[in-house]
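One file, start_30.cif, carrying mmCIF, C-alpha atoms:
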data_upload
#
loop_
_atom_site.label_atom_id
_atom_site.label_comp_id
_atom_site.auth_asym_id
_atom_site.auth_seq_id
_atom_site.Cartn_x
_atom_site.Cartn_y
_atom_site.Cartn_z
CA MET M 1 20.64 -44.33 15.97
CA GLY M 2 24.21 -45.19 17.05
CA GLN M 3 23.39 -48.92 17.01
CA MET M 4 21.91 -48.56 13.51
CA ASN M 5 25.07 -46.79 12.29
CA ARG M 6 27.28 -49.50 13.80
CA ARG M 7 25.30 -52.19 11.98
CA THR M 8 25.53 -50.24 8.75
CA VAL M 9 29.31 -49.91 9.02
CA ARG M 10 29.63 -53.60 9.87
CA ASP M 11 27.48 -54.56 6.91
CA LEU M 12 29.54 -52.32 4.64
CA ARG M 13 32.77 -53.97 5.77
CA ARG M 14 31.25 -57.41 5.31
CA GLY M 15 30.17 -56.46 1.79
CA ASN M 16 33.63 -55.11 0.95
CA ARG M 17 35.19 -58.28 2.29
CA SER M 18 32.94 -60.43 0.14
CA THR M 19 33.57 -58.27 -2.95
CA LEU M 20 37.35 -58.50 -2.60
CA LEU M 21 37.27 -62.21 -1.82
CA ARG M 22 35.24 -62.96 -4.95
CA GLN M 23 37.63 -60.98 -7.13
CA LEU M 24 40.63 -62.71 -5.59
CA TYR M 25 38.98 -66.09 -6.07
CA PHE M 26 37.93 -65.70 -9.71
CA GLN M 27 40.55 -63.21 -10.97
CA GLY M 28 43.57 -63.89 -8.76
CA PRO M 29 46.41 -63.64 -8.35
CA VAL M 30 46.08 -59.85 -8.54
CA SER M 31 47.69 -56.88 -6.83
CA ARG M 32 46.06 -54.47 -4.39
CA GLN M 33 46.06 -51.83 -7.11
CA GLU M 34 44.24 -54.15 -9.51
CA LEU M 35 41.71 -54.99 -6.80
CA GLY M 36 40.89 -51.31 -6.51
CA THR M 37 40.30 -51.10 -10.25
CA LEU M 38 38.24 -54.27 -10.37
CA THR M 39 36.01 -53.39 -7.40
CA GLY M 40 35.88 -49.60 -7.43
CA LEU M 41 36.86 -49.54 -3.74
CA SER M 42 39.27 -46.93 -2.40
CA SER M 43 42.91 -47.87 -1.79
CA GLY M 44 42.29 -47.46 1.95
CA SER M 45 39.36 -49.87 1.95
CA VAL M 46 41.29 -52.39 -0.12
CA SER M 47 44.30 -52.17 2.20
CA ASN M 48 42.21 -52.60 5.35
CA VAL M 49 40.17 -55.55 4.09
CA VAL M 50 43.17 -57.30 2.52
CA GLY M 51 44.97 -56.92 5.86
CA GLU M 52 42.06 -58.68 7.58
CA LEU M 53 42.00 -61.48 5.03
CA LEU M 54 45.76 -62.00 5.35
CA ALA M 55 45.49 -62.05 9.14
CA ASP M 56 42.69 -64.64 8.94
CA GLY M 57 44.81 -66.82 6.67
CA LEU M 58 42.23 -66.77 3.88
CA VAL M 59 44.51 -64.87 1.49
CA GLU M 60 48.23 -65.30 0.82
CA GLU M 61 50.94 -63.61 -1.22
CA ALA M 62 51.67 -65.18 -4.60
CA GLY M 63 54.79 -63.50 -5.92
CA SER M 64 55.15 -60.04 -7.44
CA VAL M 65 55.15 -58.19 -10.76
CA GLU M 66 57.09 -55.18 -11.95
CA SER M 67 55.28 -51.85 -11.92
CA ASP M 68 55.84 -48.78 -14.10
CA GLY M 69 58.67 -46.89 -12.47
CA GLY M 70 57.85 -48.01 -8.92
CA ARG M 71 58.38 -50.89 -6.56
CA PRO M 72 57.21 -54.37 -7.60
CA ARG M 73 53.58 -55.04 -6.82
CA THR M 74 52.77 -57.98 -4.56
CA LEU M 75 50.21 -60.42 -5.97
CA LEU M 76 47.52 -61.92 -3.77
CA ARG M 77 45.33 -65.00 -4.05
CA VAL M 78 42.94 -67.04 -1.95
CA ALA M 79 44.97 -69.53 0.10
CA PRO M 80 44.03 -73.03 -1.19
CA GLY M 81 44.67 -74.74 2.13
CA SER M 82 42.83 -72.25 4.31
CA GLY M 83 39.64 -74.30 4.15
CA HIS M 84 38.09 -77.41 2.69
CA LEU M 85 34.88 -78.10 0.80
CA ILE M 86 32.97 -81.37 0.56
CA GLY M 87 30.66 -82.25 -2.32
CA VAL M 88 28.22 -85.16 -2.22
CA ASP M 89 26.59 -86.63 -5.32
CA VAL M 90 23.52 -88.68 -4.45
CA GLY M 91 22.97 -90.34 -7.81
CA GLU M 92 20.64 -93.08 -8.94
CA THR M 93 23.44 -95.65 -9.02
CA HIS M 94 25.88 -94.35 -6.41
CA VAL M 95 26.66 -92.08 -3.50
CA ARG M 96 29.92 -90.22 -4.16
CA VAL M 97 31.67 -87.97 -1.64
CA GLU M 98 34.65 -85.78 -2.59
CA LEU M 99 36.75 -83.42 -0.49
CA PHE M 100 38.42 -80.40 -2.11
CA ASP M 101 40.68 -77.54 -1.10
CA LEU M 102 39.44 -74.00 -1.65
CA THR M 103 40.55 -74.01 -5.28
CA LEU M 104 38.46 -77.15 -5.85
CA THR M 105 41.43 -79.45 -6.24
CA GLU M 106 40.23 -82.90 -5.24
CA LEU M 107 42.04 -84.30 -2.20
CA ALA M 108 39.99 -87.39 -1.35
CA ARG M 109 37.11 -89.44 -2.73
CA TRP M 110 34.77 -92.14 -1.45
CA GLU M 111 32.06 -93.94 -3.40
CA HIS M 112 29.39 -96.54 -2.71
CA PRO M 113 27.36 -98.18 -5.51
CA LEU M 114 23.57 -98.38 -5.22
CA THR M 115 21.45 -101.17 -6.67
CA PRO M 116 18.74 -99.69 -8.91
CA GLY M 117 15.38 -100.18 -7.22
CA GLY M 118 17.02 -101.70 -4.15
CA LEU M 119 16.40 -100.92 -0.50
CA GLU M 120 19.75 -99.11 -0.35
CA ARG M 121 18.12 -96.22 -2.20
CA GLU M 122 15.70 -95.57 0.67
CA PRO M 123 16.44 -92.33 2.59
CA GLU M 124 17.87 -93.88 5.75
CA PRO M 125 20.49 -96.09 4.02
CA VAL M 126 21.47 -93.20 1.73
CA VAL M 127 21.98 -90.94 4.75
CA GLY M 128 24.14 -93.65 6.33
CA HIS M 129 26.30 -93.83 3.18
CA ILE M 130 26.70 -90.05 3.10
CA LEU M 131 27.81 -89.93 6.75
CA THR M 132 30.23 -92.80 6.21
CA GLY M 133 31.64 -91.00 3.19
CA LEU M 134 32.10 -87.75 5.11
CA ASP M 135 34.15 -89.52 7.77
CA ALA M 136 36.13 -91.39 5.12
CA VAL M 137 37.22 -88.37 3.05
CA VAL M 138 38.12 -86.30 6.12
CA ALA M 139 40.25 -89.16 7.45
CA LYS M 140 41.83 -89.95 4.08
CA SER M 141 42.77 -86.33 3.37
CA GLY M 142 43.95 -85.54 6.89
CA ALA M 143 41.81 -82.40 6.86
CA GLU M 144 40.91 -80.80 10.16
CA PRO M 145 37.12 -81.02 10.62
CA GLY M 146 37.14 -77.45 11.91
CA LYS M 147 38.52 -76.26 8.56
CA VAL M 148 35.72 -77.84 6.54
CA ILE M 149 33.70 -74.83 5.37
CA GLY M 150 30.69 -76.93 4.55
CA VAL M 151 29.15 -79.94 2.86
CA GLY M 152 27.19 -79.51 -0.35
CA VAL M 153 24.76 -82.29 -1.20
CA GLY M 154 23.39 -82.65 -4.74
CA VAL M 155 20.26 -84.80 -4.98
CA PRO M 156 17.77 -85.75 -7.71
CA GLY M 157 14.33 -84.21 -7.38
CA VAL M 158 12.96 -80.95 -6.03
CA VAL M 159 14.63 -79.42 -2.97
CA GLU M 160 12.31 -77.21 -0.95
CA GLN M 161 14.33 -74.63 0.97
CA GLY M 162 12.91 -73.38 4.27
CA ASP M 163 13.60 -73.90 7.96
CA GLU M 164 15.05 -77.22 6.80
CA ALA M 165 15.69 -78.67 3.36
CA LEU M 166 13.02 -81.13 2.19
CA VAL M 167 13.55 -83.35 -0.85
CA HIS M 168 10.67 -84.34 -3.11
CA GLY M 169 11.49 -87.18 -5.49
CA PRO M 170 8.48 -87.98 -7.68
CA THR M 171 10.37 -90.49 -9.83
CA ALA M 172 11.33 -92.42 -6.68
CA GLY M 173 7.88 -92.12 -5.10
CA ARG M 174 9.11 -90.04 -2.17
CA ASP M 175 7.75 -86.80 -0.82
CA ALA M 176 9.13 -84.28 1.69
CA VAL M 177 12.14 -86.33 2.83
CA PRO M 178 13.75 -84.34 5.70
CA LEU M 179 17.26 -84.97 4.40
CA GLU M 180 18.87 -82.13 6.33
CA ARG M 181 17.34 -83.30 9.61
CA LEU M 182 18.43 -86.89 8.97
CA LEU M 183 22.01 -85.83 8.21
CA ARG M 184 22.09 -83.69 11.35
CA THR M 185 21.93 -86.89 13.44
CA GLY M 186 25.45 -87.75 12.32
CA THR M 187 27.34 -84.54 11.53
CA GLU M 188 27.74 -81.01 12.81
CA LEU M 189 29.32 -79.73 9.61
CA PRO M 190 27.41 -76.93 7.82
CA LEU M 191 25.04 -78.44 5.25
CA PHE M 192 23.92 -77.03 1.89
CA ILE M 193 21.42 -79.18 -0.03
CA ASP M 194 20.21 -78.54 -3.58
CA ASN M 195 19.15 -80.25 -6.75
CA GLY M 196 22.14 -81.94 -8.38
CA ALA M 197 21.52 -80.41 -11.80
CA THR M 198 21.34 -76.93 -10.28
CA ALA M 199 24.60 -77.47 -8.41
CA GLN M 200 26.38 -78.89 -11.45
CA GLY M 201 25.06 -76.00 -13.52
CA GLN M 202 26.58 -73.51 -11.10
CA ALA M 203 29.96 -75.21 -11.48
CA GLU M 204 29.72 -75.03 -15.28
CA MET M 205 28.84 -71.34 -15.07
CA TRP M 206 31.77 -70.57 -12.79
CA PHE M 207 34.50 -72.85 -14.13
CA GLY M 208 33.29 -74.52 -17.32
CA ALA M 209 31.42 -73.87 -20.54
CA GLY M 210 29.18 -71.19 -19.02
CA ARG M 211 31.94 -68.73 -18.14
CA GLY M 212 31.19 -65.25 -19.39
CA ALA M 213 27.47 -65.88 -20.01
CA ASP M 214 24.68 -64.24 -18.01
CA ASN M 215 21.82 -66.26 -19.49
CA ALA M 216 22.33 -69.96 -20.07
CA VAL M 217 20.75 -73.37 -19.64
CA ILE M 218 22.85 -76.34 -18.57
CA ALA M 219 20.94 -79.38 -19.87
CA LEU M 220 21.97 -82.57 -18.10
CA ILE M 221 21.21 -86.09 -19.27
CA GLY M 222 22.04 -89.25 -17.37
CA SER M 223 19.69 -91.80 -15.88
CA GLY M 224 17.35 -88.83 -15.49
CA VAL M 225 17.05 -85.54 -17.34
CA GLY M 226 17.19 -82.08 -15.79
CA ALA M 227 18.35 -78.55 -16.39
CA ALA M 228 19.88 -75.63 -14.54
CA ILE M 229 18.45 -72.34 -15.78
CA VAL M 230 20.52 -69.19 -15.26
CA THR M 231 19.01 -65.77 -15.91
CA ALA M 232 20.91 -62.52 -15.37
CA GLY M 233 23.68 -64.54 -13.75
CA MET M 234 21.42 -66.10 -11.11
CA PRO M 235 19.80 -69.56 -10.97
CA TYR M 236 16.10 -69.49 -11.76
CA ARG M 237 14.23 -71.60 -9.20
CA GLY M 238 10.59 -70.70 -9.66
CA ALA M 239 8.01 -70.10 -6.94
CA THR M 240 8.75 -73.28 -4.96
CA SER M 241 12.23 -74.30 -6.24
CA SER M 242 10.93 -76.83 -8.76
CA ALA M 243 12.07 -75.00 -11.92
CA GLY M 244 14.44 -77.01 -14.09
CA GLU M 245 12.44 -80.26 -14.30
CA TRP M 246 13.01 -80.15 -18.04
CA GLY M 247 12.91 -83.93 -18.32
CA HIS M 248 9.23 -83.88 -17.43
CA THR M 249 8.11 -81.52 -20.16
CA VAL M 250 5.95 -83.36 -22.70
CA VAL M 251 7.30 -84.08 -26.18
CA GLN M 252 4.73 -86.70 -27.23
CA VAL M 253 1.05 -86.57 -26.28
CA GLY M 254 -0.02 -90.08 -25.30
CA GLY M 255 3.59 -91.23 -25.59
CA ARG M 256 5.81 -93.55 -23.58
CA ALA M 257 5.18 -93.97 -19.88
CA CYS M 258 7.61 -92.01 -17.71
CA ARG M 259 8.70 -93.14 -14.28
CA CYS M 260 7.25 -89.91 -12.82
CA GLY M 261 3.79 -91.30 -13.56
CA ALA M 262 3.00 -89.15 -16.61
CA VAL M 263 3.31 -90.10 -20.28
CA GLY M 264 5.23 -88.53 -23.13
CA CYS M 265 7.92 -86.86 -20.98
CA LEU M 266 11.23 -85.92 -22.60
CA GLU M 267 13.02 -88.20 -20.11
CA ALA M 268 11.04 -91.16 -21.45
CA TYR M 269 12.74 -90.64 -24.81
CA VAL M 270 16.25 -89.29 -24.14
CA GLY M 271 17.08 -90.55 -20.64
CA ALA M 272 19.67 -93.33 -20.59
CA GLN M 273 17.25 -96.08 -19.57
CA ALA M 274 14.71 -94.94 -22.14
CA VAL M 275 17.32 -95.23 -24.89
CA LEU M 276 18.30 -98.70 -23.66
CA ASP M 277 14.66 -99.78 -23.56
CA ARG M 278 13.87 -98.48 -27.04
CA TYR M 279 16.99 -100.08 -28.46
CA GLY M 280 16.21 -103.42 -26.83
CA ARG M 281 12.67 -103.46 -28.21
CA ARG M 282 13.80 -102.58 -31.71
CA ALA M 283 16.53 -105.19 -31.62
CA GLY M 284 13.88 -107.87 -31.21
CA GLY M 285 14.28 -108.44 -27.50
CA VAL M 286 17.96 -109.41 -27.45
CA TYR M 287 18.43 -106.83 -24.72
CA GLY M 288 15.80 -107.77 -22.15
CA GLY M 289 13.65 -105.64 -19.90
CA ALA M 290 12.35 -103.26 -22.58
CA GLU M 291 8.76 -102.18 -22.17
CA GLU M 292 6.49 -101.30 -25.08
CA ASP M 293 5.73 -97.61 -25.24
CA ALA M 294 2.16 -96.35 -25.09
CA ALA M 295 2.25 -95.43 -28.75
CA GLY M 296 3.11 -99.03 -29.62
CA ALA M 297 5.47 -98.09 -32.44
CA GLY M 298 7.51 -100.68 -34.30
CA ALA M 299 7.87 -103.49 -31.77
CA GLY M 300 10.39 -106.02 -32.98
CA ALA M 301 11.04 -104.26 -36.30
CA GLY M 302 14.27 -105.38 -37.94
CA ALA M 303 15.04 -107.89 -35.21
CA GLY M 304 18.01 -109.46 -36.93
CA ALA M 305 19.83 -106.21 -37.70
CA GLY M 306 20.25 -105.34 -34.05
CA VAL M 307 21.56 -108.65 -32.74
CA GLY M 308 25.25 -107.74 -32.68
CA ALA M 309 25.09 -104.50 -30.75
CA ALA M 310 22.17 -105.62 -28.60
CA ALA M 311 24.16 -108.66 -27.53
CA GLY M 312 26.94 -106.30 -26.52
CA VAL M 313 24.51 -104.24 -24.45
CA GLY M 314 23.14 -107.38 -22.83
CA ALA M 315 26.66 -108.59 -22.10
CA CYS M 316 27.46 -105.34 -20.32
CA LEU M 317 24.49 -105.69 -18.04
CA GLY M 318 24.84 -109.43 -17.68
CA ALA M 319 28.41 -109.01 -16.49
CA GLY M 320 27.19 -106.69 -13.77
CA GLU M 321 28.42 -103.55 -15.47
CA ASP M 322 26.40 -100.42 -15.06
CA GLN M 323 23.94 -98.55 -17.23
CA GLN M 324 26.70 -96.30 -18.50
CA ALA M 325 28.57 -99.19 -20.09
CA ALA M 326 25.43 -100.42 -21.85
CA PHE M 327 24.61 -96.93 -23.10
CA ALA M 328 28.18 -96.45 -24.34
CA ALA M 329 27.91 -99.77 -26.22
CA ILE M 330 24.93 -98.43 -28.20
CA VAL M 331 26.71 -95.16 -28.97
CA GLY M 332 29.80 -97.05 -30.03
CA ALA M 333 27.79 -99.36 -32.29
CA ALA M 334 26.02 -96.52 -34.11
CA GLY M 335 28.77 -96.25 -36.72
CA THR M 336 28.27 -99.81 -37.99
CA GLU M 337 24.90 -101.07 -36.76
CA ALA M 338 21.69 -99.78 -38.30
CA ARG M 339 19.40 -100.17 -35.31
CA ALA M 340 21.77 -98.39 -32.92
CA ARG M 341 22.09 -95.57 -35.42
CA GLU M 342 18.31 -95.37 -35.85
CA VAL M 343 17.68 -95.13 -32.09
CA LEU M 344 20.34 -92.44 -31.63
CA GLU M 345 18.99 -90.45 -34.60
CA GLU M 346 15.54 -90.56 -33.05
CA THR M 347 16.98 -89.62 -29.66
CA ALA M 348 18.77 -86.63 -31.22
CA ALA M 349 15.48 -85.52 -32.77
CA TYR M 350 13.62 -85.64 -29.45
CA LEU M 351 16.51 -83.92 -27.72
CA GLY M 352 16.53 -81.19 -30.36
CA ALA M 353 12.82 -80.61 -29.77
CA GLY M 354 13.43 -80.36 -26.03
CA ILE M 355 16.31 -77.91 -26.49
CA ALA M 356 14.15 -75.85 -28.84
CA ASP M 357 11.61 -75.51 -26.04
CA LEU M 358 14.35 -74.13 -23.78
CA ILE M 359 15.40 -71.63 -26.43
CA ASN M 360 11.85 -70.47 -27.14
CA LEU M 361 11.02 -70.13 -23.43
CA PHE M 362 14.21 -68.63 -21.99
CA ASN M 363 16.13 -67.07 -24.91
CA PRO M 364 19.54 -68.09 -23.47
CA GLU M 365 22.94 -67.13 -24.82
CA ARG M 366 24.12 -70.71 -24.46
CA ILE M 367 22.73 -74.21 -24.14
CA ILE M 368 25.32 -76.44 -22.49
CA LEU M 369 24.75 -80.17 -22.88
CA GLY M 370 26.21 -82.26 -20.08
CA GLY M 371 25.70 -85.29 -17.86
CA TRP M 372 27.39 -88.58 -18.66
CA ALA M 373 24.78 -89.63 -21.24
CA GLY M 374 24.51 -86.11 -22.64
CA LEU M 375 28.24 -85.99 -23.27
CA LEU M 376 28.20 -89.40 -24.96
CA LEU M 377 25.30 -88.34 -27.17
CA GLY M 378 26.73 -84.91 -27.83
CA GLY M 379 30.17 -86.25 -28.64
CA ARG M 380 28.72 -88.28 -31.48
CA MET M 381 25.49 -86.49 -32.43
CA LEU M 382 25.99 -82.78 -31.74
CA PRO M 383 25.56 -81.64 -35.38
CA ARG M 384 22.37 -83.72 -35.62
CA ILE M 385 21.12 -82.32 -32.30
CA ARG M 386 21.77 -78.76 -33.51
CA ALA M 387 19.96 -79.45 -36.77
CA ALA M 388 16.96 -80.89 -34.94
CA THR M 389 16.91 -77.90 -32.60
CA ALA M 390 16.92 -75.52 -35.57
CA ALA M 391 13.95 -77.34 -37.05
CA TYR M 392 11.82 -76.78 -33.92
CA ALA M 393 13.06 -73.47 -32.49
CA LEU M 394 12.13 -69.97 -33.52
CA HIS M 395 14.68 -68.84 -36.09
CA ARG M 396 16.04 -65.66 -34.50
CA PRO M 397 16.48 -66.92 -30.91
CA TYR M 398 18.08 -70.11 -32.25
CA ALA M 399 20.53 -68.08 -34.35
CA GLN M 400 21.54 -66.16 -31.22
CA THR M 401 22.12 -69.27 -29.09
CA GLU M 402 25.32 -71.29 -28.87
CA ILE M 403 24.85 -75.03 -28.31
CA GLY M 404 27.91 -76.82 -26.97
CA LEU M 405 29.14 -79.45 -24.54
CA ALA M 406 29.86 -79.16 -20.84
CA GLU M 407 33.55 -78.93 -19.92
CA LEU M 408 33.74 -80.33 -16.39
CA GLY M 409 33.30 -83.98 -17.32
CA PRO M 410 30.55 -86.57 -17.01
CA ASP M 411 30.56 -86.87 -13.21
CA ALA M 412 30.67 -83.27 -12.02
CA VAL M 413 27.74 -83.34 -9.57
CA ALA M 414 30.01 -83.67 -6.51
CA LEU M 415 32.13 -80.79 -7.79
CA GLY M 416 28.99 -78.77 -8.35
CA ALA M 417 27.74 -79.63 -4.87
CA ALA M 418 31.00 -78.31 -3.41
CA THR M 419 30.24 -74.92 -4.97
CA LEU M 420 27.24 -74.61 -2.62
CA PRO M 421 29.35 -74.03 0.52
CA LEU M 422 31.88 -72.16 -1.64
CA ALA M 423 29.16 -69.69 -2.66
CA HIS M 424 28.31 -69.15 1.02
CA PHE M 425 31.98 -68.59 1.82
CA LEU M 426 32.36 -66.01 -0.92
CA ALA M 427 29.13 -64.26 0.05
CA THR M 428 29.97 -63.98 3.75
CA GLY M 429 33.75 -63.67 3.49
CA ARG M 430 34.20 -66.16 6.32
CA ALA M 431 35.19 -69.80 6.44
CA ARG M 432 32.74 -70.78 9.20
#

What's the structure tokens form of this structure?
Amino acid sequence: MGQMNRRTVRDLRRGNRSTLLRQLYFQGPVSRQELGTLTGLSSGSVSNVVGELLADGLVEEAGSVESDGGRPRTLLRVAPGSGHLIGVDVGETHVRVELFDLTLTELARWEHPLTPGGLEREPEPVVGHILTGLDAVVAKSGAEPGKVIGVGVGVPGVVEQGDEALVHGPTAGRDAVPLERLLRTGTELPLFIDNGATAQGQAEMWFGAGRGADNAVIALIGSGVGAAIVTAGMPYRGATSSAGEWGHTVVQVGGRACRCGAVGCLEAYVGAQAVLDRYGRRAGGVYGGAEEDAAGAGAGAGAGAGVGAAAGVGACLGAGEDQQAAFAAIVGAAGTEARAREVLEETAAYLGAGIADLINLFNPERIILGGWAGLLLGGRMLPRIRAATAAYALHRPYAQTEIGLAELGPDAVALGAATLPLAHFLATGRAR
């Protein structure tokens, strides 16, 4: 019985520590008195736990404010330099590693480009790039390895959490890649691996367009298409962590072939490469590499009208520039070139249908459109996307849903990945 009571007291103190640390992190700087009000903890509990956090160097004083008729109240905040977080973005065209302080201020960055479809995208080379990047950002920032709280890794595909994290990437033809085990051969830092969209969605909920919402969907469009679904303030993962594969919901029966092996997927219509392919076909082949879709619609229609913008897209790729530059060229041409405008209008319609599915299924407060391609599309086509969504969604849930753009920028996967070890830190109240 005594041992049980000791565990209970220890668990209570750990819970109080986590509660205060979260309030200090998201609401700070605040005084001890305000912490009591925010958490409902007694002044004695607040004083004891704050004393521990100060002694551990996780919390520091941040000035003072006048109080009503008494002594000034000392403000407290989480100490930015008391630990470091690393976020890794394993994208389709790059591996990016960023090191942050505890307030998620970037201190160092390393990036390695990947050739689409090349051998560098195989698991072993990718692991080598990640490990090289970890060493590089630690060295560049001068951070002590012992003060790195953890490494968050955001990857495309389904991440199966268990004794070790396994990554299933159907679009890349890979199954059950033991990414955690492979990384363990080169680092002893704590590892946290999750789907990149889920990680980026958590960052948007904490620091971006999702703040204040309990039910939201962060819809991310880049080379691929995915979503982070948040219900009652928690990420929805499904029975085996595969929830959020929004890009592989069907919007056209018997439609375009998707790289996942199915046909008619949303990604095959609104993903960046799908838009490039459809534009190239409609522009009469000026932009090469476009495949005919299974529906066979309109091949070569209006070939002459698309020559100008299509040549610009082809020049981007021919000069070795990435998919993002080619996609941006189409978006930029939509104001003056009919074919670019037609493809983006069609893309907005498909995207609206996909967003309507999210609204009808999950009844969120907010739909947040992000990802580098999503922000480019949304920046130009958001009213059209909203109108298309209204046409396909149930009226009342649509009227209760805000549709807006993500706030953390087009390349926030590494930042989102860094929130994975941050969440562990806030939950446990300890840096390591």

Residues within 12 Å of His168 (chain M), please, as a list in words. Count only C-alpha atoms; anything in the same chain fewer than 2 positions from it doesn't count. Pro123, Val155, Pro156, Gly157, Val158, Val159, Glu160, Gln161, Ala165, Leu166, Pro170, Thr171, Ala172, Gly173, Arg174, Asp175, Ala176, Val177, Pro178, Leu179, Asp194, Asn195, Thr240, Ser241, Ser242 and Cys260 of chain M

Go ahead and compute the interatomic distance for CA of Gly370 (chain M) and CA of Ala199 (chain M), in Å to one decimal.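 Interatomic distance, CA of Gly370 (chain M) to CA of Ala199 (chain M): 12.7 Å.
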
Pick from M:Gly133, M:Gly162, M:Pro364, M:Gly186: nearest to Ala216 (chain M), with all atoms listed in the file counted?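 Comparing M:Gly133, M:Gly162, M:Pro364, M:Gly186 against Ala216 (chain M), the winner is M:Pro364.
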
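The nearest approach to Arg77 (chain M) among the residues M:Glu98, M:Asp277, M:Glu111, M:Glu61, with only C-alpha atoms taken into account, belongs to M:Glu61.
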
Point (36.5, -62.9, -1.9) neighbourhood (12 Å, all atoms listed in the file) written as a PDB file with C-alpha atoms, in the frame of the given file:
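Result went into out_4.pdb, see below:
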ATOM      1  CA  ARG M  14      31.250 -57.410   5.310  1.00  0.00           C
ATOM      2  CA  GLY M  15      30.170 -56.460   1.790  1.00  0.00           C
ATOM      3  CA  ASN M  16      33.630 -55.110   0.950  1.00  0.00           C
ATOM      4  CA  ARG M  17      35.190 -58.280   2.290  1.00  0.00           C
ATOM      5  CA  SER M  18      32.940 -60.430   0.140  1.00  0.00           C
ATOM      6  CA  THR M  19      33.570 -58.270  -2.950  1.00  0.00           C
ATOM      7  CA  LEU M  20      37.350 -58.500  -2.600  1.00  0.00           C
ATOM      8  CA  LEU M  21      37.270 -62.210  -1.820  1.00  0.00           C
ATOM      9  CA  ARG M  22      35.240 -62.960  -4.950  1.00  0.00           C
ATOM     10  CA  GLN M  23      37.630 -60.980  -7.130  1.00  0.00           C
ATOM     11  CA  LEU M  24      40.630 -62.710  -5.590  1.00  0.00           C
ATOM     12  CA  TYR M  25      38.980 -66.090  -6.070  1.00  0.00           C
ATOM     13  CA  PHE M  26      37.930 -65.700  -9.710  1.00  0.00           C
ATOM     14  CA  GLN M  27      40.550 -63.210 -10.970  1.00  0.00           C
ATOM     15  CA  GLY M  28      43.570 -63.890  -8.760  1.00  0.00           C
ATOM     16  CA  PRO M  29      46.410 -63.640  -8.350  1.00  0.00           C
ATOM     17  CA  LEU M  35      41.710 -54.990  -6.800  1.00  0.00           C
ATOM     18  CA  THR M  39      36.010 -53.390  -7.400  1.00  0.00           C
ATOM     19  CA  VAL M  46      41.290 -52.390  -0.120  1.00  0.00           C
ATOM     20  CA  VAL M  49      40.170 -55.550   4.090  1.00  0.00           C
ATOM     21  CA  VAL M  50      43.170 -57.300   2.520  1.00  0.00           C
ATOM     22  CA  GLU M  52      42.060 -58.680   7.580  1.00  0.00           C
ATOM     23  CA  LEU M  53      42.000 -61.480   5.030  1.00  0.00           C
ATOM     24  CA  LEU M  54      45.760 -62.000   5.350  1.00  0.00           C
ATOM     25  CA  LEU M  58      42.230 -66.770   3.880  1.00  0.00           C
ATOM     26  CA  VAL M  59      44.510 -64.870   1.490  1.00  0.00           C
ATOM     27  CA  LEU M  76      47.520 -61.920  -3.770  1.00  0.00           C
ATOM     28  CA  ARG M  77      45.330 -65.000  -4.050  1.00  0.00           C
ATOM     29  CA  VAL M  78      42.940 -67.040  -1.950  1.00  0.00           C
ATOM     30  CA  ALA M  79      44.970 -69.530   0.100  1.00  0.00           C
ATOM     31  CA  LEU M 102      39.440 -74.000  -1.650  1.00  0.00           C
ATOM     32  CA  LEU M 422      31.880 -72.160  -1.640  1.00  0.00           C
ATOM     33  CA  ALA M 423      29.160 -69.690  -2.660  1.00  0.00           C
ATOM     34  CA  HIS M 424      28.310 -69.150   1.020  1.00  0.00           C
ATOM     35  CA  PHE M 425      31.980 -68.590   1.820  1.00  0.00           C
ATOM     36  CA  LEU M 426      32.360 -66.010  -0.920  1.00  0.00           C
ATOM     37  CA  ALA M 427      29.130 -64.260   0.050  1.00  0.00           C
ATOM     38  CA  THR M 428      29.970 -63.980   3.750  1.00  0.00           C
ATOM     39  CA  GLY M 429      33.750 -63.670   3.490  1.00  0.00           C
ATOM     40  CA  ARG M 430      34.200 -66.160   6.320  1.00  0.00           C
ATOM     41  CA  ALA M 431      35.190 -69.800   6.440  1.00  0.00           C
TER      42      ALA M 431
END

Rounded to one decimal place, report the CA of Ala326 (chain M)-CA of Val225 (chain M) distance in Å.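 We find that CA of Ala326 (chain M) and CA of Val225 (chain M) lie 17.7 Å from each other.
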
Evaluated on this file, the PyMOL selection byres ((chain M and resi 348) around 9) picks out some residues - which ones are they, written as an NGL selection string? :M and (270 or 343-347 or 349-353 or 377-378 or 381-382 or 384-386 or 388)

Going by the chain IDs and residue numbers used in this file, which residues fall under the PyMOL selection byres ((chain M and resi 107) around 10)? Write them as a list in words.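 Selected by the PyMOL selection byres ((chain M and resi 107) around 10) here: His84, Leu85, Ile86, Glu98, Leu99, Phe100, Asp101, Leu104, Thr105, Glu106, Ala108, Arg109, Val137, Val138, Lys140, Ser141, Gly142 and Ala143 of chain M.
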
Determine the residue set returned by the PyMOL selection byres ((chain M and resi 32) around 9) for the present structure, and present it as a PyMOL selection string. chain M and resi 30-31+33-37+43+46-47+50+73-76

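Note that the spacing between CA of Ala387 (chain M) and CA of Ile403 (chain M) amounts to 10.7 Å.
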
Which residues come within 12 Å of Val126 (chain M), counting only C-alpha atoms, excluding same-chain residues fewer than 4 positions away, as an MDAnalysis selection string? chainID M and resid 88:97 111:115 118:122 130:133 153 155 177 179 182:183
